[in-house]
>>> print(open('start-v6.cif').read())   # mmCIF, C-alpha atoms and all ligand atoms; chains and numbers go by the auth columns
data_protein
loop_
_atom_site.group_PDB
_atom_site.id
_atom_site.type_symbol
_atom_site.label_atom_id
_atom_site.label_comp_id
_atom_site.label_asym_id
_atom_site.label_seq_id
_atom_site.Cartn_x
_atom_site.Cartn_y
_atom_site.Cartn_z
_atom_site.B_iso_or_equiv
_atom_site.auth_seq_id
_atom_site.auth_asym_id
ATOM 1 C CA MET A 1 106.211 96.622 99.108 0.00 1 A
ATOM 2 C CA ALA A 2 106.531 98.962 96.140 0.00 2 A
ATOM 3 C CA LEU A 3 105.939 97.472 92.741 0.00 3 A
ATOM 4 C CA LEU A 4 108.684 97.810 90.174 0.00 4 A
ATOM 5 C CA GLN A 5 107.524 99.755 87.143 0.00 5 A
ATOM 6 C CA GLU A 6 109.064 97.205 84.762 0.00 6 A
ATOM 7 C CA ASN A 7 107.124 94.427 86.492 0.00 7 A
ATOM 8 C CA VAL A 8 103.856 96.356 86.225 0.00 8 A
ATOM 9 C CA GLU A 9 104.414 96.971 82.518 0.00 9 A
ATOM 10 C CA GLU A 10 105.284 93.340 81.915 0.00 10 A
ATOM 11 C CA VAL A 11 102.210 92.084 83.790 0.00 11 A
ATOM 12 C CA VAL A 12 99.862 94.523 82.029 0.00 12 A
ATOM 13 C CA ARG A 13 101.219 93.641 78.575 0.00 13 A
ATOM 14 C CA GLY A 14 101.006 89.914 79.355 0.00 14 A
ATOM 15 C CA ALA A 15 97.367 90.248 80.457 0.00 15 A
ATOM 16 C CA VAL A 16 96.466 92.294 77.379 0.00 16 A
ATOM 17 C CA GLU A 17 98.124 89.728 75.130 0.00 17 A
ATOM 18 C CA ALA A 18 96.263 86.854 76.817 0.00 18 A
ATOM 19 C CA HIS A 19 92.855 88.497 76.335 0.00 19 A
ATOM 20 C CA ARG A 20 93.359 90.565 73.207 0.00 20 A
ATOM 21 C CA ASP A 21 90.775 88.633 71.207 0.00 21 A
ATOM 22 C CA ASP A 22 88.167 88.382 73.979 0.00 22 A
ATOM 23 C CA ARG A 23 85.037 90.452 73.751 0.00 23 A
ATOM 24 C CA GLY A 24 84.801 92.883 76.663 0.00 24 A
ATOM 25 C CA ALA A 25 88.437 92.186 77.412 0.00 25 A
ATOM 26 C CA LEU A 26 88.915 94.920 80.018 0.00 26 A
ATOM 27 C CA LEU A 27 87.394 93.004 82.955 0.00 27 A
ATOM 28 C CA PRO A 28 89.277 89.736 82.400 0.00 28 A
ATOM 29 C CA ILE A 29 92.459 91.738 81.853 0.00 29 A
ATOM 30 C CA LEU A 30 91.978 93.574 85.153 0.00 30 A
ATOM 31 C CA HIS A 31 91.251 90.316 86.994 0.00 31 A
ATOM 32 C CA ASP A 32 94.384 88.837 85.486 0.00 32 A
ATOM 33 C CA ILE A 33 96.449 91.839 86.597 0.00 33 A
ATOM 34 C CA GLN A 34 95.002 91.762 90.113 0.00 34 A
ATOM 35 C CA GLU A 35 95.767 88.069 90.403 0.00 35 A
ATOM 36 C CA LYS A 36 99.406 88.694 89.506 0.00 36 A
ATOM 37 C CA LEU A 37 100.044 91.990 91.337 0.00 37 A
ATOM 38 C CA GLY A 38 97.596 91.531 94.235 0.00 38 A
ATOM 39 C CA TYR A 39 95.810 94.795 93.437 0.00 39 A
ATOM 40 C CA ILE A 40 95.346 97.376 90.689 0.00 40 A
ATOM 41 C CA ASP A 41 98.150 99.797 91.310 0.00 41 A
ATOM 42 C CA ALA A 42 97.542 103.375 90.085 0.00 42 A
ATOM 43 C CA THR A 43 100.406 102.951 87.608 0.00 43 A
ATOM 44 C CA VAL A 44 98.446 100.195 85.825 0.00 44 A
ATOM 45 C CA VAL A 45 95.811 102.635 84.535 0.00 45 A
ATOM 46 C CA PRO A 46 97.885 104.695 82.062 0.00 46 A
ATOM 47 C CA ILE A 47 99.738 101.634 80.745 0.00 47 A
ATOM 48 C CA LEU A 48 96.529 99.700 80.218 0.00 48 A
ATOM 49 C CA ALA A 49 94.750 102.684 78.646 0.00 49 A
ATOM 50 C CA LYS A 50 97.566 103.020 76.124 0.00 50 A
ATOM 51 C CA GLU A 51 97.636 99.296 75.341 0.00 51 A
ATOM 52 C CA LEU A 52 93.873 99.168 74.753 0.00 52 A
ATOM 53 C CA ASN A 53 93.559 102.548 73.108 0.00 53 A
ATOM 54 C CA LEU A 54 91.156 103.767 75.787 0.00 54 A
ATOM 55 C CA SER A 55 91.206 106.946 77.848 0.00 55 A
ATOM 56 C CA ARG A 56 92.655 106.804 81.358 0.00 56 A
ATOM 57 C CA ALA A 57 89.258 107.942 82.639 0.00 57 A
ATOM 58 C CA ASP A 58 87.578 104.922 81.018 0.00 58 A
ATOM 59 C CA VAL A 59 89.959 102.464 82.671 0.00 59 A
ATOM 60 C CA HIS A 60 89.900 104.270 86.001 0.00 60 A
ATOM 61 C CA GLY A 61 86.081 104.312 85.891 0.00 61 A
ATOM 62 C CA VAL A 62 85.911 100.533 85.520 0.00 62 A
ATOM 63 C CA VAL A 63 88.485 99.927 88.282 0.00 63 A
ATOM 64 C CA THR A 64 86.570 102.103 90.732 0.00 64 A
ATOM 65 C CA PHE A 65 83.089 100.889 89.716 0.00 65 A
ATOM 66 C CA TYR A 66 83.718 97.199 90.440 0.00 66 A
ATOM 67 C CA HIS A 67 84.294 96.375 94.090 0.00 67 A
ATOM 68 C CA ASP A 68 86.241 93.302 93.032 0.00 68 A
ATOM 69 C CA PHE A 69 89.253 95.431 92.234 0.00 69 A
ATOM 70 C CA ARG A 70 91.539 96.415 95.067 0.00 70 A
ATOM 71 C CA LYS A 71 93.216 99.791 94.807 0.00 71 A
ATOM 72 C CA ASN A 72 95.790 98.983 97.497 0.00 72 A
ATOM 73 C CA PRO A 73 97.672 95.876 98.606 0.00 73 A
ATOM 74 C CA ALA A 74 95.582 93.484 100.699 0.00 74 A
ATOM 75 C CA GLY A 75 96.256 92.978 104.412 0.00 75 A
ATOM 76 C CA ALA A 76 97.806 89.833 105.853 0.00 76 A
ATOM 77 C CA THR A 77 94.354 88.213 106.123 0.00 77 A
ATOM 78 C CA THR A 78 91.329 88.803 103.925 0.00 78 A
ATOM 79 C CA VAL A 79 87.873 88.435 105.485 0.00 79 A
ATOM 80 C CA ARG A 80 85.027 88.000 103.012 0.00 80 A
ATOM 81 C CA ILE A 81 81.461 88.258 104.262 0.00 81 A
ATOM 82 C CA CYS A 82 78.621 86.851 102.166 0.00 82 A
ATOM 83 C CA ARG A 83 75.887 89.404 101.604 0.00 83 A
ATOM 84 C CA ALA A 84 73.597 87.404 99.344 0.00 84 A
ATOM 85 C CA GLU A 85 69.986 86.719 100.255 0.00 85 A
ATOM 86 C CA ALA A 86 70.183 83.449 102.225 0.00 86 A
ATOM 87 C CA CYS A 87 72.971 84.791 104.447 0.00 87 A
ATOM 88 C CA GLN A 88 71.198 88.124 104.830 0.00 88 A
ATOM 89 C CA SER A 89 68.092 86.328 106.087 0.00 89 A
ATOM 90 C CA VAL A 90 70.103 84.820 108.953 0.00 90 A
ATOM 91 C CA GLY A 91 71.932 87.941 110.091 0.00 91 A
ATOM 92 C CA ALA A 92 74.722 88.741 107.629 0.00 92 A
ATOM 93 C CA GLU A 93 73.885 92.465 107.684 0.00 93 A
ATOM 94 C CA ARG A 94 74.067 92.684 111.471 0.00 94 A
ATOM 95 C CA LEU A 95 77.321 90.713 111.396 0.00 95 A
ATOM 96 C CA THR A 96 78.636 93.078 108.727 0.00 96 A
ATOM 97 C CA GLU A 97 77.892 96.154 110.812 0.00 97 A
ATOM 98 C CA LEU A 98 79.562 94.666 113.895 0.00 98 A
ATOM 99 C CA VAL A 99 82.643 93.558 111.979 0.00 99 A
ATOM 100 C CA LYS A 100 82.980 96.926 110.250 0.00 100 A
ATOM 101 C CA SER A 101 82.785 98.799 113.510 0.00 101 A
ATOM 102 C CA ARG A 102 85.167 96.440 115.335 0.00 102 A
ATOM 103 C CA LEU A 103 87.759 96.567 112.587 0.00 103 A
ATOM 104 C CA GLY A 104 87.132 100.247 111.835 0.00 104 A
ATOM 105 C CA VAL A 105 87.062 99.640 108.075 0.00 105 A
ATOM 106 C CA ASP A 106 84.527 99.454 105.272 0.00 106 A
ATOM 107 C CA PHE A 107 84.416 96.894 102.462 0.00 107 A
ATOM 108 C CA GLY A 108 87.479 97.144 100.268 0.00 108 A
ATOM 109 C CA GLN A 109 89.568 98.638 103.060 0.00 109 A
ATOM 110 C CA THR A 110 92.443 97.326 105.164 0.00 110 A
ATOM 111 C CA THR A 111 92.991 97.929 108.864 0.00 111 A
ATOM 112 C CA PRO A 112 95.732 100.523 109.530 0.00 112 A
ATOM 113 C CA ASP A 113 98.066 97.828 110.900 0.00 113 A
ATOM 114 C CA GLY A 114 97.799 95.968 107.584 0.00 114 A
ATOM 115 C CA GLY A 115 96.339 92.949 109.396 0.00 115 A
ATOM 116 C CA VAL A 116 92.899 92.516 107.822 0.00 116 A
ATOM 117 C CA THR A 117 91.233 93.434 104.538 0.00 117 A
ATOM 118 C CA LEU A 118 87.424 93.305 104.554 0.00 118 A
ATOM 119 C CA GLU A 119 85.542 92.291 101.403 0.00 119 A
ATOM 120 C CA GLN A 120 82.001 91.371 100.460 0.00 120 A
ATOM 121 C CA VAL A 121 80.997 88.367 98.400 0.00 121 A
ATOM 122 C CA PHE A 122 77.670 87.401 96.914 0.00 122 A
ATOM 123 C CA CYS A 123 77.291 83.681 97.710 0.00 123 A
ATOM 124 C CA PHE A 124 79.894 81.052 98.481 0.00 124 A
ATOM 125 C CA GLY A 125 77.431 78.240 97.779 0.00 125 A
ATOM 126 C CA ASN A 126 77.302 77.638 101.521 0.00 126 A
ATOM 127 C CA CYS A 127 73.823 79.106 101.889 0.00 127 A
ATOM 128 C CA ALA A 128 72.400 76.520 104.330 0.00 128 A
ATOM 129 C CA LEU A 129 75.083 77.491 106.844 0.00 129 A
ATOM 130 C CA GLY A 130 74.816 81.265 106.796 0.00 130 A
ATOM 131 C CA PRO A 131 76.108 83.705 107.645 0.00 131 A
ATOM 132 C CA ALA A 132 79.021 82.418 105.607 0.00 132 A
ATOM 133 C CA VAL A 133 82.412 84.081 106.003 0.00 133 A
ATOM 134 C CA GLN A 134 85.753 83.242 104.441 0.00 134 A
ATOM 135 C CA VAL A 135 88.889 84.010 106.414 0.00 135 A
ATOM 136 C CA GLY A 136 91.927 83.618 104.204 0.00 136 A
ATOM 137 C CA GLU A 137 91.239 80.424 102.253 0.00 137 A
ATOM 138 C CA LYS A 138 88.994 78.852 104.910 0.00 138 A
ATOM 139 C CA LEU A 139 85.202 79.024 104.759 0.00 139 A
ATOM 140 C CA TYR A 140 83.164 79.231 107.977 0.00 140 A
ATOM 141 C CA GLY A 141 79.420 78.788 108.473 0.00 141 A
ATOM 142 C CA ARG A 142 77.081 80.228 111.099 0.00 142 A
ATOM 143 C CA MET A 143 79.588 82.956 111.808 0.00 143 A
ATOM 144 C CA ASP A 144 79.031 85.644 114.420 0.00 144 A
ATOM 145 C CA ALA A 145 81.149 88.640 115.356 0.00 145 A
ATOM 146 C CA ASP A 146 82.642 87.096 118.516 0.00 146 A
ATOM 147 C CA ARG A 147 83.575 83.874 116.773 0.00 147 A
ATOM 148 C CA LEU A 148 85.138 85.820 113.912 0.00 148 A
ATOM 149 C CA ALA A 149 87.160 87.888 116.389 0.00 149 A
ATOM 150 C CA GLY A 150 88.392 84.596 117.900 0.00 150 A
ATOM 151 C CA VAL A 151 89.360 83.204 114.485 0.00 151 A
ATOM 152 C CA LEU A 152 91.282 86.380 113.674 0.00 152 A
ATOM 153 C CA GLU A 153 92.940 86.422 117.080 0.00 153 A
ATOM 154 C CA ALA A 154 94.030 82.786 116.695 0.00 154 A
ATOM 155 C CA GLY A 155 95.574 83.617 113.331 0.00 155 A
ATOM 156 C CA ARG A 156 97.857 86.317 114.727 0.00 156 A
HETATM 157 S S1 LIG B . 73.891 83.214 100.307 0.00 1 B
HETATM 158 FE FE1 LIG B . 75.657 83.234 101.539 0.00 1 B
HETATM 159 S S2 LIG B . 76.692 81.459 100.919 0.00 1 B
HETATM 160 FE FE2 LIG B . 75.020 81.546 99.581 0.00 1 B
#
>>> encode(input="start-v6.cif", output="structure tokens")
Amino acid sequence: MALLQENVEEVVRGAVEAHRDDRGALLPILHDIQEKLGYIDATVVPILAKELNLSRADVHGVVTFYHDFRKNPAGATTVRICRAEACQSVGAERLTELVKSRLGVDFGQTTPDGGVTLEQVFCFGNCALGPAVQVGEKLYGRMDADRLAGVLEAGR
């Protein structure tokens, strides 16, 4: 769904206003915008640059540097794989490779049918039950690729 330009401007200005006095306000502002719009649309960059008196390149650089910021709308379901140490030690990397190749996407990307967005996370606080994976709002422990495929299939 296309975003209305007036809505984008309103959301950006609201986020700037809410964080104007914060130090290092750009990151919280971007998080705020992503929460409201679902992602950082390309049209956000020039509006935000103007509001904060920064160059477009500065804002664009921050959006692309941090993996937290989505450049496109998320798919129907978001799968987040934990890649922190405890999960890595019990197979999170292998799981990651299998999931990436099955879905045909990398972190930060959405399957062409718009069904699944894949993201990485660094610790859910569920370390004893790694590999930990969140599907939508639900957290799963001891996940493997087949079980994840089943969870995704059941959600369709
Ligand atoms: S290391 Fe994966 S949940 Fe903590």
>>> axis_aligned_box(input="start-v6.cif", around="segment 36-41 of chain A", padding_each_side="3 Å", output="JSON")
{"center_x": 97.7, "center_y": 94.2, "center_z": 91.9, "size_x": 10.7, "size_y": 17.1, "size_z": 10.7}
>>> resolve_selection(input="start-v6.cif", expression="the PyMOL selection byres (((chain A and resi 87-92) around 8) and not hetatm)", output="list in words")
Ile81, Cys82, Arg83, Ala84, Glu85, Ala86, Glu93, Arg94, Leu95, Thr96, Cys127, Leu129, Gly130, Pro131 and Ala132 of chain A
>>> closest_residue(input="start-v6.cif", among="A:Ser101, A:Asp113, A:Asp106, A:Thr77", to="Gln134 of chain A", atoms="all atoms listed in the file")
A:Thr77
>>> resolve_selection(input="start-v6.cif", expression="the PyMOL selection byres (((chain A and resi 116) around 10) and not hetatm)", output="PyMOL selection string")
chain A and resi 74-79+103+105+109-115+117-119+135-136+152
>>> write_last_selection(input="start-v6.cif", atoms="C-alpha atoms", output="short mmCIF file (atom, residue, chain, number, x, y, z; two decimals), in the coordinates of the input")
data_model
loop_
_atom_site.label_atom_id
_atom_site.label_comp_id
_atom_site.auth_asym_id
_atom_site.auth_seq_id
_atom_site.Cartn_x
_atom_site.Cartn_y
_atom_site.Cartn_z
CA ALA A 74 95.58 93.48 100.70
CA GLY A 75 96.26 92.98 104.41
CA ALA A 76 97.81 89.83 105.85
CA THR A 77 94.35 88.21 106.12
CA THR A 78 91.33 88.80 103.92
CA VAL A 79 87.87 88.44 105.48
CA LEU A 103 87.76 96.57 112.59
CA VAL A 105 87.06 99.64 108.08
CA GLN A 109 89.57 98.64 103.06
CA THR A 110 92.44 97.33 105.16
CA THR A 111 92.99 97.93 108.86
CA PRO A 112 95.73 100.52 109.53
CA ASP A 113 98.07 97.83 110.90
CA GLY A 114 97.80 95.97 107.58
CA GLY A 115 96.34 92.95 109.40
CA THR A 117 91.23 93.43 104.54
CA LEU A 118 87.42 93.30 104.55
CA GLU A 119 85.54 92.29 101.40
CA VAL A 135 88.89 84.01 106.41
CA GLY A 136 91.93 83.62 104.20
CA LEU A 152 91.28 86.38 113.67
#
>>> resolve_selection(input="start-v6.cif", expression="the PyMOL selection byres (((chain A and resi 45-52) around 9) and not hetatm)", output="PyMOL selection string")
chain A and resi 8-9+12-13+16+20+26+40-44+53-60+63
>>> atom_distance(input="start-v6.cif", atom1="atom CA of Tyr66 of chain A", atom2="atom CA of Asp144 of chain A")
27.0 Å
>>> atom_distance(input="start-v6.cif", atom1="atom CA of Val11 of chain A", atom2="atom CA of Gln120 of chain A")
26.2 Å
>>> closest_residue(input="start-v6.cif", among="A:Ala15, A:Ala128, A:Ile29, A:Leu3", to="ligand LIG 1 (chain B)", atoms="only C-alpha atoms and all ligand atoms")
A:Ala128
>>> atom_distance(input="start-v6.cif", atom1="atom CA of Gly155 of chain A", atom2="atom CA of Lys100 of chain A")
18.6 Å
>>> closest_residue(input="start-v6.cif", among="A:Asp146, A:Glu10, A:Glu137, A:Arg70", to="Tyr39 of chain A", atoms="all atoms listed in the file")
A:Arg70
>>> closest_residue(input="start-v6.cif", among="A:Arg147, A:Arg102, A:Arg80, A:Lys71", to="ligand LIG 1 (chain B)", atoms="only C-alpha atoms and all ligand atoms")
A:Arg80
>>> closest_residue(input="start-v6.cif", among="A:Glu35, A:Leu30, A:Phe124, A:Ala154", to="ligand LIG 1 (chain B)", atoms="only C-alpha atoms and all ligand atoms")
A:Phe124
>>> closest_residue(input="start-v6.cif", among="A:Leu148, A:Gly125, A:Arg23, A:Gly141", to="ligand LIG 1 (chain B)", atoms="all atoms listed in the file")
A:Gly125
>>> build_atoms(input="start-v6.cif", residues="segment 112-123 of chain A", atoms="all heavy atoms", output="PDB file, keeping the file's coordinate frame")
ATOM      1  N   PRO A 112      94.500  99.730 109.585  1.00  0.00           N
ATOM      2  CA  PRO A 112      95.732 100.523 109.530  1.00  0.00           C
ATOM      3  C   PRO A 112      96.998  99.714 109.823  1.00  0.00           C
ATOM      4  O   PRO A 112      98.068 100.028 109.304  1.00  0.00           O
ATOM      5  CB  PRO A 112      95.524 101.603 110.598  1.00  0.00           C
ATOM      6  CG  PRO A 112      94.048 101.689 110.762  1.00  0.00           C
ATOM      7  CD  PRO A 112      93.505 100.320 110.485  1.00  0.00           C
ATOM      8  N   ASP A 113      96.877  98.635 110.612  1.00  0.00           N
ATOM      9  CA  ASP A 113      98.066  97.828 110.900  1.00  0.00           C
ATOM     10  C   ASP A 113      98.375  96.839 109.777  1.00  0.00           C
ATOM     11  O   ASP A 113      99.327  96.059 109.873  1.00  0.00           O
ATOM     12  CB  ASP A 113      97.897  97.079 112.230  1.00  0.00           C
ATOM     13  CG  ASP A 113      96.795  96.027 112.176  1.00  0.00           C
ATOM     14  OD1 ASP A 113      96.086  95.935 111.151  1.00  0.00           O
ATOM     15  OD2 ASP A 113      96.627  95.293 113.171  1.00  0.00           O
ATOM     16  N   GLY A 114      97.551  96.876 108.712  1.00  0.00           N
ATOM     17  CA  GLY A 114      97.799  95.968 107.584  1.00  0.00           C
ATOM     18  C   GLY A 114      97.386  94.535 107.875  1.00  0.00           C
ATOM     19  O   GLY A 114      97.689  93.627 107.109  1.00  0.00           O
ATOM     20  N   GLY A 115      96.672  94.317 108.984  1.00  0.00           N
ATOM     21  CA  GLY A 115      96.339  92.949 109.396  1.00  0.00           C
ATOM     22  C   GLY A 115      95.183  92.323 108.620  1.00  0.00           C
ATOM     23  O   GLY A 115      95.241  91.153 108.246  1.00  0.00           O
ATOM     24  N   VAL A 116      94.110  93.107 108.391  1.00  0.00           N
ATOM     25  CA  VAL A 116      92.899  92.516 107.822  1.00  0.00           C
ATOM     26  C   VAL A 116      92.318  93.400 106.717  1.00  0.00           C
ATOM     27  O   VAL A 116      92.183  94.610 106.885  1.00  0.00           O
ATOM     28  CB  VAL A 116      91.811  92.341 108.920  1.00  0.00           C
ATOM     29  CG1 VAL A 116      90.533  91.749 108.313  1.00  0.00           C
ATOM     30  CG2 VAL A 116      92.317  91.466 110.051  1.00  0.00           C
ATOM     31  N   THR A 117      91.990  92.762 105.601  1.00  0.00           N
ATOM     32  CA  THR A 117      91.233  93.434 104.538  1.00  0.00           C
ATOM     33  C   THR A 117      89.823  92.861 104.563  1.00  0.00           C
ATOM     34  O   THR A 117      89.643  91.652 104.654  1.00  0.00           O
ATOM     35  CB  THR A 117      91.870  93.175 103.153  1.00  0.00           C
ATOM     36  OG1 THR A 117      93.162  93.760 103.148  1.00  0.00           O
ATOM     37  CG2 THR A 117      91.038  93.794 102.040  1.00  0.00           C
ATOM     38  N   LEU A 118      88.828  93.741 104.509  1.00  0.00           N
ATOM     39  CA  LEU A 118      87.424  93.305 104.554  1.00  0.00           C
ATOM     40  C   LEU A 118      86.820  93.387 103.149  1.00  0.00           C
ATOM     41  O   LEU A 118      86.943  94.418 102.480  1.00  0.00           O
ATOM     42  CB  LEU A 118      86.643  94.205 105.524  1.00  0.00           C
ATOM     43  CG  LEU A 118      85.193  93.821 105.782  1.00  0.00           C
ATOM     44  CD1 LEU A 118      85.092  92.446 106.440  1.00  0.00           C
ATOM     45  CD2 LEU A 118      84.510  94.872 106.653  1.00  0.00           C
ATOM     46  N   GLU A 119      86.175  92.291 102.731  1.00  0.00           N
ATOM     47  CA  GLU A 119      85.542  92.291 101.403  1.00  0.00           C
ATOM     48  C   GLU A 119      84.162  91.669 101.494  1.00  0.00           C
ATOM     49  O   GLU A 119      83.870  90.911 102.420  1.00  0.00           O
ATOM     50  CB  GLU A 119      86.395  91.494 100.410  1.00  0.00           C
ATOM     51  CG  GLU A 119      87.704  92.189 100.103  1.00  0.00           C
ATOM     52  CD  GLU A 119      88.537  91.462  99.064  1.00  0.00           C
ATOM     53  OE1 GLU A 119      88.241  90.299  98.754  1.00  0.00           O
ATOM     54  OE2 GLU A 119      89.492  92.098  98.590  1.00  0.00           O
ATOM     55  N   GLN A 120      83.309  92.002 100.525  1.00  0.00           N
ATOM     56  CA  GLN A 120      82.001  91.371 100.460  1.00  0.00           C
ATOM     57  C   GLN A 120      81.965  90.404  99.278  1.00  0.00           C
ATOM     58  O   GLN A 120      82.658  90.598  98.288  1.00  0.00           O
ATOM     59  CB  GLN A 120      80.904  92.420 100.317  1.00  0.00           C
ATOM     60  CG  GLN A 120      81.026  93.287  99.088  1.00  0.00           C
ATOM     61  CD  GLN A 120      79.962  94.348  99.043  1.00  0.00           C
ATOM     62  OE1 GLN A 120      78.935  94.264  99.710  1.00  0.00           O
ATOM     63  NE2 GLN A 120      80.204  95.378  98.240  1.00  0.00           N
ATOM     64  N   VAL A 121      81.145  89.378  99.439  1.00  0.00           N
ATOM     65  CA  VAL A 121      80.997  88.367  98.400  1.00  0.00           C
ATOM     66  C   VAL A 121      79.508  88.100  98.267  1.00  0.00           C
ATOM     67  O   VAL A 121      78.748  88.267  99.232  1.00  0.00           O
ATOM     68  CB  VAL A 121      81.735  87.066  98.846  1.00  0.00           C
ATOM     69  CG1 VAL A 121      81.373  85.893  97.970  1.00  0.00           C
ATOM     70  CG2 VAL A 121      83.237  87.278  98.834  1.00  0.00           C
ATOM     71  N   PHE A 122      79.080  87.712  97.078  1.00  0.00           N
ATOM     72  CA  PHE A 122      77.670  87.401  96.914  1.00  0.00           C
ATOM     73  C   PHE A 122      77.518  85.920  96.605  1.00  0.00           C
ATOM     74  O   PHE A 122      77.450  85.509  95.465  1.00  0.00           O
ATOM     75  CB  PHE A 122      77.032  88.320  95.862  1.00  0.00           C
ATOM     76  CG  PHE A 122      76.977  89.731  96.373  1.00  0.00           C
ATOM     77  CD1 PHE A 122      78.017  90.615  96.141  1.00  0.00           C
ATOM     78  CD2 PHE A 122      75.921  90.150  97.168  1.00  0.00           C
ATOM     79  CE1 PHE A 122      77.998  91.902  96.661  1.00  0.00           C
ATOM     80  CE2 PHE A 122      75.898  91.435  97.697  1.00  0.00           C
ATOM     81  CZ  PHE A 122      76.935  92.310  97.444  1.00  0.00           C
ATOM     82  N   CYS A 123      77.495  85.129  97.673  1.00  0.00           N
ATOM     83  CA  CYS A 123      77.291  83.681  97.710  1.00  0.00           C
ATOM     84  C   CYS A 123      78.555  82.863  97.510  1.00  0.00           C
ATOM     85  O   CYS A 123      79.240  82.959  96.507  1.00  0.00           O
ATOM     86  CB  CYS A 123      76.221  83.203  96.726  1.00  0.00           C
ATOM     87  SG  CYS A 123      75.638  81.571  97.194  1.00  0.00           S
TER      88      CYS A 123
END
